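Down below is the structure, laid out as structure tokens.
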Amino acid sequence: MSPGATVVVAVPDAGRQLPGQPRWALMSSLDGPVSLRPIDTGDLEIFFAHQLDPEATRMASFPSRGRTAFFAHWTAHILGNPAANNRTILLDQRVVGHIGAWTDATAGERLLCYWLGREFWGRGIASAATRLFLGMEVARPLVARVARHNAGSIRVLERVGFVRLGEESFAQTDGTSHQEHVYVLREWASGVGEPDEAQRGGV
Ligand SMILES: CC(C)(COP(=O)(O)OP(=O)(O)OC[C@H]1O[C@@H](n2cnc3c(N)ncnc32)[C@H](O)[C@@H]1OP(=O)(O)O)[C@@H](O)C(=O)NCCC(=O)NCCS
């Protein structure tokens with residue numbers, strides 16, 4: 001990490017319970033503070049593995065990239081884009097995924113995206129990371145495009161205050177067509193998306 005880089009920390013909704021999960025399923029030894037830090041090139045190997053997961057690519061309706069294409073894309077268009085704002089998501093000190101925003105050259109939209117390794121899903125980490133990120137990504141409106149079937153991502157967006165604008169179809173690089181919801185966050189309202197008392201208190 002570069003000297004002076006900002007690290008922000010939040011405690012995810014400790015003790016949250018997923019539908020159908022017993023109470024003990026929450027007692028993971030990995031539960032702990034979520035934080036964001038600038039991306040180290042050493043993190044890319046982990047992100048590469050995350051985007052190879054077929055369940056994740058199905059969820060996101062986004063095909064995985066091969067190694068050469070992945071590293072070229074991240075080096076040139078993500079880490080190499082000074083107008084992009086990307087962070088590694090940590091749970092305690094473990095790299096669990098990434099979150100970022102960039103400006104789409106064609107539409108001019110400032111877009112939000114996040115991606116976690118599957119072993120970390122369902123613990124409130126993306127929600128906590130998004131709340132943190134929205135404090136350091138000040139551009140508004142901020143747009144998120146999410147596959148219509150991606151219930152987890154939709155839940156994250158709505159929880160932090162994104163509002164559904166409509167639905168569009170998009171053509172993927174493999175030629176397939178998908179339906180996506182378009183969400184927008186027009187402003188950051190303090191308190192929006194904070195866990196309610198029941199969540200805060202755990203089970
Ligand atoms: C989408 C993603 C970031 C969510 O991460 P996460 O840490 O699991 O998200 P959170 O735990 O903060 O919140 C997910 C919420 O969706 C809910 N959820 C997840 N899958 C669901 C499903 N199939 N149906 C209904 N709700 C679902 C969870 O229960 C949780 O809600 P709750 O807190 O009320 O219980 C993660 O699954 C991921 O990285 N997926 C692959 C990449 C991707 O889809 N990125 C987004 C592209 S727009």
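Just remember, in the structure tokens the first chain shown is A, the second B, etc., residues are 1-based per chain, and ligands are 1-based in the order shown.
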List every residue of range 103-140 of chain A that DSSP, applied to the backbone of this structure, assigns to strand (DSSP E or B), and report them as a ChimeraX atom specification. /A:103,110-116
Step by step, measure atom-to-atom distances between ligand 1 and each residue using only C-alpha atoms and all ligand atoms, keep those at most 7 Å, then write them as number ranges by chain. A: 16-19, 56-57, 59-60, 113-118, 120-128, 144-147, 150-153, 155-156
Those residues with C-alpha atoms, as a JSON list (two decimals), in the first residue's frame please?
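Result file result.json:
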[["chain", "number", "residue", "atom", "x", "y", "z"],
["A", 16, "ARG", "CA", -26.72, -11.81, 10.43],
["A", 17, "GLN", "CA", -28.73, -14.81, 9.46],
["A", 18, "LEU", "CA", -29.39, -15.87, 5.88],
["A", 19, "PRO", "CA", -32.77, -17.34, 5.01],
["A", 56, "ALA", "CA", -20.30, -15.72, -10.04],
["A", 57, "THR", "CA", -20.20, -15.13, -13.80],
["A", 59, "MET", "CA", -24.89, -14.16, -11.32],
["A", 60, "ALA", "CA", -23.23, -11.13, -12.84],
["A", 113, "CYS", "CA", -19.23, -2.53, -9.54],
["A", 114, "TYR", "CA", -18.10, -5.04, -6.89],
["A", 115, "TRP", "CA", -17.05, -8.67, -6.86],
["A", 116, "LEU", "CA", -16.34, -11.03, -3.96],
["A", 117, "GLY", "CA", -14.99, -14.55, -3.79],
["A", 118, "ARG", "CA", -17.86, -17.00, -3.38],
["A", 120, "PHE", "CA", -17.37, -14.75, 1.39],
["A", 121, "TRP", "CA", -20.90, -14.28, 0.08],
["A", 122, "GLY", "CA", -23.89, -13.83, 2.34],
["A", 123, "ARG", "CA", -22.17, -12.24, 5.33],
["A", 124, "GLY", "CA", -22.98, -8.60, 4.64],
["A", 125, "ILE", "CA", -19.47, -7.90, 3.34],
["A", 126, "ALA", "CA", -20.57, -6.32, 0.03],
["A", 127, "SER", "CA", -23.11, -4.15, 1.85],
["A", 128, "ALA", "CA", -20.48, -2.98, 4.35],
["A", 144, "ALA", "CA", -25.21, 0.41, -11.20],
["A", 145, "ARG", "CA", -26.28, -2.03, -13.89],
["A", 146, "VAL", "CA", -27.21, -5.42, -12.53],
["A", 147, "ALA", "CA", -28.48, -8.58, -14.18],
["A", 150, "ASN", "CA", -28.81, -11.06, -9.47],
["A", 151, "ALA", "CA", -30.84, -10.93, -6.26],
["A", 152, "GLY", "CA", -27.80, -10.53, -3.99],
["A", 153, "SER", "CA", -26.47, -7.49, -5.82],
["A", 155, "ARG", "CA", -30.29, -6.34, -2.29],
["A", 156, "VAL", "CA", -26.96, -4.60, -1.71]]
Would you list the contacts of Arg94 in chain A as number ranges by chain, taking every protein, DNA or RNA residue within 10 Å and counting only C-alpha atoms, but skipping same-chain residues closer than 3 positions in sequence? A: 30, 34-35, 88-91, 97
Residue among A:Pro63, A:Gly161, A:Gly108, A:Pro33 lying closest to His50 in chain A, counting only C-alpha atoms: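 Between A:Pro63, A:Gly161, A:Gly108, A:Pro33, the residue approaching His50 in chain A most closely is A:Pro63.
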For Pro82 in chain A, which residue among A:Gln51, A:Leu134, A:Val96, A:Ala101 is the nearest when counting only C-alpha atoms?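 Smallest separation from Pro82 in chain A among the options: A:Ala101.
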d(CA of Leu165 in chain A, CA of Pro141 in chain A) in Å: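 Atom-to-atom, CA of Leu165 in chain A to CA of Pro141 in chain A, that is 11.9 Å.
Within 10 Å of Arg164 in chain A, once only C-alpha atoms are used and residues closer than 2 positions along the same chain are dropped, the contacting residues are Val143, Ala144, Arg145, Ile154, Leu157, Glu158, Gly161, Phe162, Gly166, Glu167, His181, Val182, Tyr183, Val184 and Leu185 of chain A.
Minimum atom-to-atom distances from A:His149, A:His98, A:Arg159, A:Arg131 to Asp40 in chain A were compared using only C-alpha atoms, and the lowest value belongs to A:His98.
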If we count only C-alpha atoms and set the cut-off at 12 Å, which residues sit around Asp174 in chain A, ignoring sequence neighbours fewer than 6 positions away in its own chain? Please answer as a list in words. Ser61, Phe62, Pro63, Ser64 and Arg65 of chain A
Kindly give the distance, in Å, that separates CA of Leu44 in chain A and CA of Leu111 in chain A, rounded to a single decimal.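 Going from CA of Leu44 in chain A over to CA of Leu111 in chain A covers 20.5 Å.
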For a quick check of understanding, using only C-alpha atoms, which of A:Glu187, A:Gly32, A:Gly66, A:Asp92 has the smallest distance to Val163 in chain A? A:Glu187
Residues within 6 Å of Gln179 in chain A, please, as a PyMOL selection string. Count only C-alpha atoms; anything in the same chain fewer than 6 positions from it doesn't count. chain A and resi 148+168-169
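Minimum atom-to-atom distances from A:Thr103, A:Asp31, A:Ile46, A:Leu36 to Gly135 in chain A were compared using only C-alpha atoms, and the lowest value belongs to A:Leu36.
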Rounded to one decimal in Å, what is the spacing between CA of Met136 in chain A and CA of His73 in chain A? 23.7 Å
